[in-house]
Each structure stands twice: as structure tokens, then as C-alpha cells.
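Trainee: This one is data-v5.cif, mmCIF, C-alpha atoms.
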data_input
loop_
_atom_site.group_PDB
_atom_site.id
_atom_site.type_symbol
_atom_site.label_atom_id
_atom_site.label_comp_id
_atom_site.auth_asym_id
_atom_site.auth_seq_id
_atom_site.Cartn_x
_atom_site.Cartn_y
_atom_site.Cartn_z
ATOM 1 C CA MET A 1 -15.191 2.828 -48.450
ATOM 2 C CA THR A 2 -12.677 0.336 -47.139
ATOM 3 C CA GLN A 3 -12.705 0.126 -43.377
ATOM 4 C CA PRO A 4 -9.341 0.285 -41.592
ATOM 5 C CA PRO A 5 -8.275 -3.026 -40.095
ATOM 6 C CA ALA A 6 -9.373 -3.631 -36.525
ATOM 7 C CA PRO A 7 -6.593 -3.173 -33.952
ATOM 8 C CA ASP A 8 -4.850 -6.407 -33.082
ATOM 9 C CA PRO A 9 -5.584 -7.151 -29.375
ATOM 10 C CA ASP A 10 -2.259 -8.902 -28.814
ATOM 11 C CA GLU A 11 -0.342 -6.021 -30.362
ATOM 12 C CA MET A 12 -2.271 -3.476 -28.277
ATOM 13 C CA LEU A 13 -1.571 -5.474 -25.136
ATOM 14 C CA ALA A 14 2.125 -5.694 -25.964
ATOM 15 C CA GLN A 15 2.264 -1.940 -26.516
ATOM 16 C CA MET A 16 0.552 -1.210 -23.189
ATOM 17 C CA LYS A 17 2.861 -3.574 -21.329
ATOM 18 C CA GLN A 18 5.859 -1.893 -22.912
ATOM 19 C CA GLN A 19 4.567 1.539 -21.880
ATOM 20 C CA VAL A 20 4.067 0.315 -18.320
ATOM 21 C CA LEU A 21 7.583 -1.096 -18.200
ATOM 22 C CA GLU A 22 9.124 2.062 -19.661
ATOM 23 C CA GLY A 23 7.240 4.201 -17.165
ATOM 24 C CA TRP A 24 8.555 2.285 -14.159
ATOM 25 C CA GLU A 25 12.062 2.023 -15.596
ATOM 26 C CA GLN A 26 12.229 5.760 -16.199
ATOM 27 C CA GLY A 27 10.793 6.545 -12.777
ATOM 28 C CA ALA A 28 12.691 3.906 -10.798
ATOM 29 C CA ASP A 29 15.294 6.263 -9.311
ATOM 30 C CA PHE A 30 12.656 8.825 -8.339
ATOM 31 C CA PHE A 31 10.384 6.169 -6.846
ATOM 32 C CA ASP A 32 13.234 4.611 -4.863
ATOM 33 C CA GLU A 33 14.376 7.962 -3.497
ATOM 34 C CA ARG A 34 10.887 9.002 -2.452
ATOM 35 C CA SER A 35 10.029 5.601 -0.967
ATOM 36 C CA GLY A 36 13.231 5.009 0.953
ATOM 37 C CA ASP A 37 13.724 1.842 2.961
ATOM 38 C CA GLN A 38 10.223 1.671 4.454
ATOM 39 C CA GLY A 39 8.060 3.317 1.791
ATOM 40 C CA ASP A 40 6.344 6.708 1.947
ATOM 41 C CA GLU A 41 3.836 7.727 4.617
ATOM 42 C CA PHE A 42 0.965 6.079 2.771
ATOM 43 C CA HIS A 43 2.843 2.810 2.346
ATOM 44 C CA HIS A 44 4.190 2.316 5.862
ATOM 45 C CA GLY A 45 1.280 4.098 7.556
ATOM 46 C CA VAL A 46 -1.687 2.583 5.703
ATOM 47 C CA PHE A 47 -1.048 0.096 2.893
ATOM 48 C CA ALA A 48 1.546 -2.160 4.531
ATOM 49 C CA PRO A 49 -0.301 -2.511 7.878
ATOM 50 C CA ALA A 50 -3.512 -3.354 6.006
ATOM 51 C CA ALA A 51 -1.744 -6.047 3.991
ATOM 52 C CA GLU A 52 -0.299 -7.486 7.193
ATOM 53 C CA ARG A 53 -3.730 -7.595 8.817
ATOM 54 C CA MET A 54 -5.151 -9.356 5.793
ATOM 55 C CA LEU A 55 -2.376 -11.952 5.707
ATOM 56 C CA GLY A 56 -2.147 -12.610 9.459
ATOM 57 C CA LEU A 57 1.096 -14.568 9.073
ATOM 58 C CA GLU A 58 3.414 -16.120 11.608
ATOM 59 C CA PRO A 59 7.242 -16.034 11.418
ATOM 60 C CA GLY A 60 8.571 -18.616 8.999
ATOM 61 C CA ALA A 61 5.716 -18.259 6.519
ATOM 62 C CA ARG A 62 6.717 -18.381 2.861
ATOM 63 C CA VAL A 63 5.371 -15.378 0.929
ATOM 64 C CA LEU A 64 5.312 -14.393 -2.742
ATOM 65 C CA GLU A 65 5.105 -10.669 -3.443
ATOM 66 C CA LEU A 66 4.101 -9.262 -6.831
ATOM 67 C CA ALA A 67 4.951 -5.698 -7.930
ATOM 68 C CA CYS A 68 7.323 -5.246 -5.002
ATOM 69 C CA GLY A 69 8.818 -1.934 -6.157
ATOM 70 C CA ASN A 70 11.998 -1.189 -4.238
ATOM 71 C CA GLY A 71 11.260 -3.942 -1.718
ATOM 72 C CA ALA A 72 9.852 -1.942 1.195
ATOM 73 C CA PHE A 73 7.118 -4.440 2.070
ATOM 74 C CA ALA A 74 9.354 -7.453 1.418
ATOM 75 C CA ARG A 75 11.870 -6.108 3.932
ATOM 76 C CA ARG A 76 9.070 -5.390 6.391
ATOM 77 C CA LEU A 77 7.979 -9.040 6.216
ATOM 78 C CA GLY A 78 11.575 -10.229 6.307
ATOM 79 C CA ARG A 79 12.183 -8.356 9.548
ATOM 80 C CA GLN A 80 9.260 -10.301 11.015
ATOM 81 C CA GLY A 81 10.887 -13.613 10.147
ATOM 82 C CA MET A 82 9.084 -14.349 6.868
ATOM 83 C CA GLN A 83 10.660 -16.071 3.871
ATOM 84 C CA VAL A 84 9.906 -13.766 0.958
ATOM 85 C CA LEU A 85 10.282 -14.023 -2.797
ATOM 86 C CA ALA A 86 9.618 -10.499 -4.041
ATOM 87 C CA THR A 87 9.094 -9.831 -7.745
ATOM 88 C CA ASP A 88 8.582 -6.889 -10.044
ATOM 89 C CA LEU A 89 8.336 -6.166 -13.758
ATOM 90 C CA SER A 90 11.034 -3.477 -13.607
ATOM 91 C CA PRO A 91 14.693 -4.627 -13.512
ATOM 92 C CA SER A 92 15.687 -1.180 -12.226
ATOM 93 C CA LEU A 93 13.324 -1.383 -9.267
ATOM 94 C CA ILE A 94 14.562 -4.902 -8.502
ATOM 95 C CA ALA A 95 18.136 -3.569 -8.535
ATOM 96 C CA HIS A 96 17.149 -0.882 -6.018
ATOM 97 C CA ALA A 97 15.412 -3.511 -3.872
ATOM 98 C CA VAL A 98 18.488 -5.747 -3.840
ATOM 99 C CA ARG A 99 20.790 -2.839 -3.031
ATOM 100 C CA ARG A 100 18.666 -1.626 -0.146
ATOM 101 C CA THR A 101 18.210 -5.110 1.276
ATOM 102 C CA GLU A 102 21.935 -5.866 1.133
ATOM 103 C CA THR A 103 23.305 -2.514 2.310
ATOM 104 C CA ILE A 104 20.622 -0.792 4.393
ATOM 105 C CA SER A 105 18.828 -3.542 6.287
ATOM 106 C CA ASP A 106 19.889 -3.736 9.927
ATOM 107 C CA GLN A 107 19.659 -7.542 10.055
ATOM 108 C CA PRO A 108 20.021 -10.527 7.691
ATOM 109 C CA LEU A 109 16.754 -11.102 5.869
ATOM 110 C CA ASP A 110 15.425 -14.177 4.101
ATOM 111 C CA VAL A 111 14.313 -12.088 1.108
ATOM 112 C CA ARG A 112 15.039 -12.800 -2.558
ATOM 113 C CA TYR A 113 14.164 -10.734 -5.608
ATOM 114 C CA GLU A 114 13.360 -11.709 -9.187
ATOM 115 C CA VAL A 115 12.121 -9.922 -12.302
ATOM 116 C CA VAL A 116 8.656 -11.353 -13.025
ATOM 117 C CA ASP A 117 5.835 -10.133 -15.267
ATOM 118 C CA ALA A 118 2.695 -10.668 -13.186
ATOM 119 C CA THR A 119 0.548 -10.497 -16.328
ATOM 120 C CA VAL A 120 2.072 -13.777 -17.542
ATOM 121 C CA GLU A 121 0.751 -16.749 -15.560
ATOM 122 C CA ARG A 122 3.663 -19.071 -16.335
ATOM 123 C CA GLU A 123 6.155 -16.554 -14.912
ATOM 124 C CA ILE A 124 4.314 -16.626 -11.583
ATOM 125 C CA VAL A 125 4.121 -20.416 -11.676
ATOM 126 C CA ASN A 126 7.873 -20.537 -12.321
ATOM 127 C CA CYS A 127 8.409 -18.797 -8.980
ATOM 128 C CA GLY A 128 7.911 -22.202 -7.391
ATOM 129 C CA GLY A 129 5.851 -22.856 -4.331
ATOM 130 C CA PRO A 130 3.810 -23.760 -2.577
ATOM 131 C CA PHE A 131 3.568 -20.423 -0.762
ATOM 132 C CA ASP A 132 1.646 -19.799 2.438
ATOM 133 C CA ALA A 133 0.547 -16.423 1.103
ATOM 134 C CA ALA A 134 0.894 -13.948 -1.725
ATOM 135 C CA VAL A 135 0.593 -10.171 -1.705
ATOM 136 C CA CYS A 136 0.384 -7.263 -4.124
ATOM 137 C CA VAL A 137 0.530 -3.778 -2.602
ATOM 138 C CA MET A 138 -0.468 -0.931 -4.936
ATOM 139 C CA GLY A 139 0.428 -2.830 -8.082
ATOM 140 C CA VAL A 140 -2.732 -3.931 -9.875
ATOM 141 C CA MET A 141 -3.392 -0.399 -11.203
ATOM 142 C CA SER A 142 -0.343 -0.847 -13.447
ATOM 143 C CA MET A 143 -1.395 -4.212 -14.867
ATOM 144 C CA PRO A 144 -3.320 -4.320 -18.162
ATOM 145 C CA LEU A 145 -4.429 -7.885 -17.338
ATOM 146 C CA LEU A 146 -5.356 -9.391 -13.965
ATOM 147 C CA ARG A 147 -6.626 -12.866 -14.836
ATOM 148 C CA PRO A 148 -3.085 -14.300 -15.343
ATOM 149 C CA MET A 149 -2.012 -12.912 -11.963
ATOM 150 C CA PHE A 150 -4.913 -14.492 -10.101
ATOM 151 C CA GLY A 151 -4.520 -17.752 -12.004
ATOM 152 C CA GLY A 152 -0.808 -17.924 -11.272
ATOM 153 C CA VAL A 153 -1.310 -17.135 -7.595
ATOM 154 C CA TRP A 154 -3.971 -19.859 -7.319
ATOM 155 C CA ARG A 155 -1.489 -22.371 -8.717
ATOM 156 C CA VAL A 156 1.373 -21.508 -6.326
ATOM 157 C CA LEU A 157 -0.641 -21.045 -3.111
ATOM 158 C CA LYS A 158 -1.123 -23.783 -0.560
ATOM 159 C CA PRO A 159 -4.741 -24.826 0.068
ATOM 160 C CA ARG A 160 -6.299 -22.168 2.317
ATOM 161 C CA GLY A 161 -3.425 -19.860 1.412
ATOM 162 C CA SER A 162 -4.279 -16.153 1.264
ATOM 163 C CA PHE A 163 -3.630 -13.468 -1.335
ATOM 164 C CA ALA A 164 -3.802 -9.866 -0.103
ATOM 165 C CA VAL A 165 -4.346 -7.137 -2.692
ATOM 166 C CA VAL A 166 -4.099 -3.475 -1.701
ATOM 167 C CA THR A 167 -5.029 -0.969 -4.386
ATOM 168 C CA LEU A 168 -6.448 2.495 -4.900
ATOM 169 C CA HIS A 169 -10.155 2.475 -4.125
ATOM 170 C CA PRO A 170 -11.798 2.103 -7.552
ATOM 171 C CA ALA A 171 -14.908 4.016 -6.490
ATOM 172 C CA PHE A 172 -13.051 7.068 -5.194
ATOM 173 C CA ALA A 173 -9.314 7.336 -5.911
ATOM 174 C CA THR A 174 -9.348 7.108 -9.683
ATOM 175 C CA SER A 175 -8.889 9.688 -12.404
ATOM 176 C CA GLY A 176 -12.673 9.823 -12.524
ATOM 177 C CA TYR A 177 -12.978 12.175 -9.550
ATOM 178 C CA LYS A 178 -12.455 15.804 -8.645
ATOM 179 C CA PHE A 179 -11.892 17.256 -5.217
ATOM 180 C CA ALA A 180 -14.840 19.425 -4.192
ATOM 181 C CA ARG A 181 -13.945 22.610 -2.337
ATOM 182 C CA SER A 182 -15.915 24.459 0.288
ATOM 183 C CA GLU A 183 -17.247 27.909 -0.532
ATOM 184 C CA GLN A 184 -16.027 29.188 2.840
ATOM 185 C CA ASP A 185 -12.361 28.268 2.555
ATOM 186 C CA ASP A 186 -9.786 26.666 0.304
ATOM 187 C CA GLU A 187 -9.984 23.193 1.846
ATOM 188 C CA PRO A 188 -11.659 20.281 0.032
ATOM 189 C CA HIS A 189 -14.803 18.961 1.685
ATOM 190 C CA GLY A 190 -15.510 15.984 -0.514
ATOM 191 C CA LEU A 191 -15.295 14.419 -3.946
ATOM 192 C CA THR A 192 -17.233 14.652 -7.156
ATOM 193 C CA ILE A 193 -17.195 11.241 -8.865
ATOM 194 C CA LEU A 194 -17.301 11.569 -12.637
ATOM 195 C CA ARG A 195 -17.035 7.946 -13.758
ATOM 196 C CA TYR A 196 -16.694 4.530 -12.182
ATOM 197 C CA LEU A 197 -18.342 1.571 -13.942
ATOM 198 C CA SER A 198 -16.559 1.879 -17.271
ATOM 199 C CA ARG A 199 -13.085 0.443 -17.676
ATOM 200 C CA TYR A 200 -10.500 2.874 -19.033
ATOM 201 C CA VAL A 201 -6.792 3.574 -19.330
ATOM 202 C CA THR A 202 -5.376 6.782 -17.923
ATOM 203 C CA HIS A 203 -2.133 8.357 -16.754
ATOM 204 C CA GLY A 204 -1.178 9.184 -13.198
ATOM 205 C CA VAL A 205 1.664 9.669 -10.740
ATOM 206 C CA THR A 206 2.722 7.973 -7.522
ATOM 207 C CA ASN A 207 3.724 11.294 -5.957
ATOM 208 C CA THR A 208 2.846 14.955 -6.531
ATOM 209 C CA ALA A 209 6.530 15.733 -7.206
ATOM 210 C CA GLN A 210 6.669 13.208 -10.053
ATOM 211 C CA GLN A 211 6.966 14.819 -13.483
ATOM 212 C CA ASP A 212 6.448 11.894 -15.850
ATOM 213 C CA ARG A 213 3.015 10.279 -15.730
ATOM 214 C CA GLN A 214 2.581 6.520 -15.882
ATOM 215 C CA LEU A 215 -0.041 4.288 -17.427
ATOM 216 C CA TYR A 216 -2.838 3.211 -15.070
ATOM 217 C CA PHE A 217 -5.807 0.900 -15.589
ATOM 218 C CA HIS A 218 -9.123 1.618 -13.905
ATOM 219 C CA ARG A 219 -11.488 -1.276 -13.181
ATOM 220 C CA PRO A 220 -14.682 -1.270 -11.123
ATOM 221 C CA LEU A 221 -14.625 -3.527 -8.111
ATOM 222 C CA THR A 222 -16.877 -6.098 -9.760
ATOM 223 C CA GLU A 223 -14.395 -6.598 -12.589
ATOM 224 C CA LEU A 224 -11.402 -6.826 -10.274
ATOM 225 C CA THR A 225 -13.046 -9.494 -8.143
ATOM 226 C CA ALA A 226 -14.518 -11.327 -11.143
ATOM 227 C CA ASP A 227 -11.025 -12.104 -12.428
ATOM 228 C CA ALA A 228 -10.146 -13.564 -9.027
ATOM 229 C CA PHE A 229 -13.330 -15.625 -8.827
ATOM 230 C CA ALA A 230 -12.809 -16.968 -12.348
ATOM 231 C CA SER A 231 -9.422 -18.236 -11.215
ATOM 232 C CA GLY A 232 -10.943 -20.189 -8.325
ATOM 233 C CA LEU A 233 -10.122 -17.790 -5.500
ATOM 234 C CA VAL A 234 -12.719 -16.673 -2.979
ATOM 235 C CA LEU A 235 -12.984 -13.312 -1.224
ATOM 236 C CA ASP A 236 -13.092 -13.546 2.551
ATOM 237 C CA GLY A 237 -11.817 -10.180 3.756
ATOM 238 C CA ILE A 238 -12.165 -6.508 2.831
ATOM 239 C CA GLU A 239 -11.080 -3.250 4.444
ATOM 240 C CA GLU A 240 -11.464 0.319 3.169
ATOM 241 C CA LEU A 241 -8.518 2.574 3.993
ATOM 242 C CA ALA A 242 -8.386 6.307 4.651
ATOM 243 C CA ALA A 243 -5.237 8.359 4.247
ATOM 244 C CA PRO A 244 -3.111 9.010 7.353
ATOM 245 C CA VAL A 245 -3.676 12.318 9.121
ATOM 246 C CA THR A 246 -0.382 13.452 10.629
ATOM 247 C CA GLU A 247 1.520 16.692 11.142
ATOM 248 C CA GLU A 248 3.808 15.665 8.289
ATOM 249 C CA SER A 249 0.961 14.895 5.893
ATOM 250 C CA ASP A 250 1.290 16.425 2.448
ATOM 251 C CA ALA A 251 -1.816 18.603 2.161
ATOM 252 C CA ARG A 252 -1.285 18.872 -1.585
ATOM 253 C CA LEU A 253 -2.526 15.298 -1.886
ATOM 254 C CA MET A 254 -5.871 16.325 -0.353
ATOM 255 C CA TRP A 255 -6.610 12.801 0.870
ATOM 256 C CA ASN A 256 -5.020 13.691 4.209
ATOM 257 C CA VAL A 257 -7.899 16.051 4.971
ATOM 258 C CA LEU A 258 -10.628 13.620 3.902
ATOM 259 C CA PRO A 259 -10.483 11.060 6.726
ATOM 260 C CA ASP A 260 -14.000 9.755 6.072
ATOM 261 C CA ILE A 261 -13.442 8.918 2.388
ATOM 262 C CA PRO A 262 -11.275 5.856 1.650
ATOM 263 C CA MET A 263 -8.452 6.317 -0.824
ATOM 264 C CA ALA A 264 -7.537 2.622 -0.909
ATOM 265 C CA ILE A 265 -9.002 -0.810 -0.373
ATOM 266 C CA ALA A 266 -7.504 -4.062 0.912
ATOM 267 C CA LEU A 267 -8.929 -7.368 -0.308
ATOM 268 C CA ARG A 268 -8.112 -10.864 0.914
ATOM 269 C CA PHE A 269 -8.622 -13.738 -1.461
ATOM 270 C CA ARG A 270 -8.114 -17.341 -0.450
ATOM 271 C CA ARG A 271 -7.520 -20.582 -2.271
ATOM 272 C CA PRO A 272 -10.144 -23.069 -1.077
ATOM 273 C CA ALA A 273 -8.980 -26.233 0.623
#
Please lay out the structure from this file as C-alpha cells.
Mentor:
Amino acid sequence: MTQPPAPDPDEMLAQMKQQVLEGWEQGADFFDERSGDQGDEFHHGVFAPAAERMLGLEPGARVLELACGNGAFARRLGRQGMQVLATDLSPSLIAHAVRRTETISDQPLDVRYEVVDATVEREIVNCGGPFDAAVCVMGVMSMPLLRPMFGGVWRVLKPRGSFAVVTLHPAFATSGYKFARSEQDDEPHGLTILRYLSRYVTHGVTNTAQQDRQLYFHRPLTELTADAFASGLVLDGIEELAAPVTEESDARLMWNVLPDIPMAIALRFRRPA
């Protein structure tokens, strides 16, 4: 029997990238509305502060942001006196970022936006440089390839420049878990982890109110860091992040009532001198 031809890797990659782009284009208005100027409670309460701690920048620093969404973190850095080039794959999200920066910001900001595919190394290199730092907040889950991103960042960073990556915790906050509920009440008391080490593609949402699921890529921590190391970057900082516990917390997300289990992780890579 004749075997069917093996799938073409380049064609499969192109199809996945197109699905990712279509997902963010279709959800751009929803994402912008839910995020607002400063991002949702997870972004401005957990992810953005962690990225700032990892970067440790002074006013005037030149920063490249990848997967900037509607520009919430870029504006946050801009308000602190940073020079920011913020990029995203989605033209619709970039349009929202530009609009918010021009019409909502309460002060002039040194923030520019460009459409850039972070899975293509030359597009990152074309952003110019050198940059004092680079950052990607909650973006790597949507990237089918990471090696080009790390390689491009290495090429545009100054020596000793830092690259902060904040992402869902691969050991806990993936599609490979289930919330475990107590027998006494209806509140979750932990997680049941179903899979971790294998790499897989799944679908997820950025918010419980989101109707259309997007493509996400799960990688164990060893694979995520291996792509960085292969590009010449070194890891010199790590922080595990729990969800915020506030009166306004959305209990439907469950993470708000699991303060001892991290939903995200912040990693700092550095280009050696």
C-alpha cells in the first residue's frame, strides 16, 4: 500500500502561523476592550510588575517589546521615561495600541509601534538597535517557533542587555491540568496535572468571556530555555508568579483562590558581555 506523503514542515508552520494571526485579528477588538489602557488585573497586577523587576531599567533606556498587544506595557514603560519600540504580529492590535497611545495617554510618550513577526529573526533584526533591553509579556504561548525570537533578540541587544519573558507557568497553567475541588465545598483546593513534558498544540482563551479560542503552544521549561541558550543568551533571573487576590478578582478563573500555586513565570535572559 502506498503511504501518504509526509506533511511538509514548512507548510505546517505556515498554516499554524496563519491560524495564530487570524485568531488575534478576530479577537483584537475584544482583547483591547477587556485590557483597556493598563491591561487586565493579571497584567497590571502581576505580569507587568514582574517584567519591570526583571528588567530593572532606568529612565531613558531603549526597549524592544515583542507581542505588545494593545500596548499596555509599552505605555507603562513610556510613562517611566523609557524609549520603546513595541511590536506585534497583529495589525489590528497595533492599530489599537497606536490609538490608545495617541488619544488616551495623559502625557507624551516616546513609544512607537510596528507590525513584526517575532518568529522571523530578520524582522526582529530589522527593528534596529542596539537596545538596552527586550521584553515579551504573555506572548510566547502564541509562537510556534521560539529560536528565531531568541536569536533576533541576541542580535539587537547591547552586551549585558536583558530580555524579560513572562509566560504562563508551563508546569501548572497549561491545558494539561484540571482544577481539583474539595469534597467539603465548591472551591478548588489544588490542581491535577495531566501532562507536562510533551510538547503539544492546543486552544485556549485570554479571558473567560472570550468565545473564540486561539492557538497555543505548550513547551516544558527545558525546551523554552534551550532555545534561548542555543541563541547565546544566559538565564540569570527567575520568579514564579501567583494570581492576584483582590475583592475584584474573578473567581471563575480559579487562580485567584490558589495563592500558593504559580500561574505564571518570569524569566530574565541576558546577552553576555
Trainee: With all atoms listed in the file as the counted atoms, please give the residues lying no more than 10 Å from Gly176 (chain A), apart from itself and same-chain residues fewer than 5 positions off, as a list in words.
Mentor: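 Close residues of Gly176 (chain A): Pro170, Ala171, Thr192, Ile193, Leu194, Arg195, Tyr196, Tyr200, Thr202 and His218 of chain A.
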Trainee: Mind telling me what the PyMOL selection byres ((chain A and resi 271) around 7) catches here, as an NGL selection string?
Mentor: :A and (154 or 157 or 159-162 or 232-234 or 269-270 or 272-273)
Trainee: Name every residue that the PyMOL selection byres ((chain A and resi 260) around 12) selects in this structure, writing the answer as JSON, numbers by chain with chains first and numbers rising.
Mentor: {"A": [172, 189, 190, 191, 240, 241, 242, 243, 244, 245, 255, 256, 257, 258, 259, 261, 262, 263, 264]}
Trainee: I need the residue set behind the PyMOL selection byres ((chain A and resi 239) around 12) for this file; please write it as a PyMOL selection string.
Mentor: chain A and resi 46-47+49-54+164-169+235-238+240-242+262-268
Trainee: Please identify all polymer residues within 7 Å of Phe131 (chain A), counting all atoms listed in the file, omitting same-chain residues fewer than 5 positions from it, and present them as a ChimeraX atom specification.
Mentor: /A:62-64,156-158
Trainee: I'd like a table as a Markdown table: residues in region 140-178 of chain A with an atom no more than 12 Å from region 87-101 of chain A, each row giving the shortest atom pair and its distance in Å to one decimal, all atoms listed in the file counted, sorted by chain and rising residue number.
Mentor:
| residue | atom | partner | partner_atom | distance |
| --- | --- | --- | --- | --- |
| A:Val140 | CA | A:Asp88 | CA | 11.7 |
| A:Ser142 | CA | A:Leu89 | CA | 10.2 |
| A:Met143 | CA | A:Leu89 | CA | 10.0 |
Trainee: Could you tell me, as a list in words, which residues have any atom at most 10 Å from (12.5, -18.6, 8.6), counting only C-alpha atoms?
Mentor: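 I get Glu58, Pro59, Gly60, Ala61, Arg62, Gly78, Gln80, Gly81, Met82, Gln83, Val84, Leu109 and Asp110 of chain A for the residues within 10 Å of that point.
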Trainee: Looking at only C-alpha atoms, which of A:Cys68, A:Leu21, A:Met12, A:Met141 is the one that sits closest to Tyr216 (chain A)?
Mentor: A:Met141
Trainee: At a cut-off of 12 Å, using all atoms listed in the file, what residues contact region 120-125 of chain A? Leave out same-chain residues fewer than 4 positions from it and give the result as a ChimeraX atom specification.
Mentor: /A:13-14,17,64-67,85-89,114-116,129-131,134,143-157,231
Trainee: Could you check which of A:Ala226, A:Arg79, A:Lys178, A:Phe30 is closest to Gln107 (chain A), using only C-alpha atoms?
Mentor: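 Checking each of A:Ala226, A:Arg79, A:Lys178, A:Phe30 against Gln107 (chain A), counting only C-alpha atoms, the winner is A:Arg79.
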Trainee: In Å to one decimal, how far is CA of Gly69 (chain A) from CA of Asp10 (chain A)?
Mentor: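 Pair CA of Asp10 (chain A) / CA of Gly69 (chain A) returns 26.2 Å.
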Trainee: Suppose you want the space between CA of Thr119 (chain A) and CA of Glu41 (chain A); what is it in Å?
Mentor: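 These two atoms are separated by 28.0 Å.
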Trainee: Here is a test: counting all atoms listed in the file, which residue of A:Phe217, A:Phe163, A:Tyr113, A:Phe229 is nearest to Val20 (chain A)?
Mentor: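 Looking only at the distances to Val20 (chain A), the closest residue turns out to be A:Phe217.
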Trainee: Have a look at A:Gly128, A:Ala228, A:Asp117, A:Glu102 and name the one nearest to Asp37 (chain A); count all atoms listed in the file.
Mentor: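 Residue with the minimum atom-to-atom distance to Asp37 (chain A): A:Glu102.
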Trainee: Of the candidates A:Phe179, A:Ala48, A:Asp32, A:Gln214, which shows the shortest atom-to-atom distance to Cys136 (chain A), using only C-alpha atoms?
Mentor: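 Among the listed residues, the smallest separation from Cys136 (chain A) belongs to A:Ala48.
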Trainee: To one decimal in Å, tell me the separation between CA of Asp29 (chain A) and CA of Arg219 (chain A).
Mentor: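 A separation of 28.1 Å between them.
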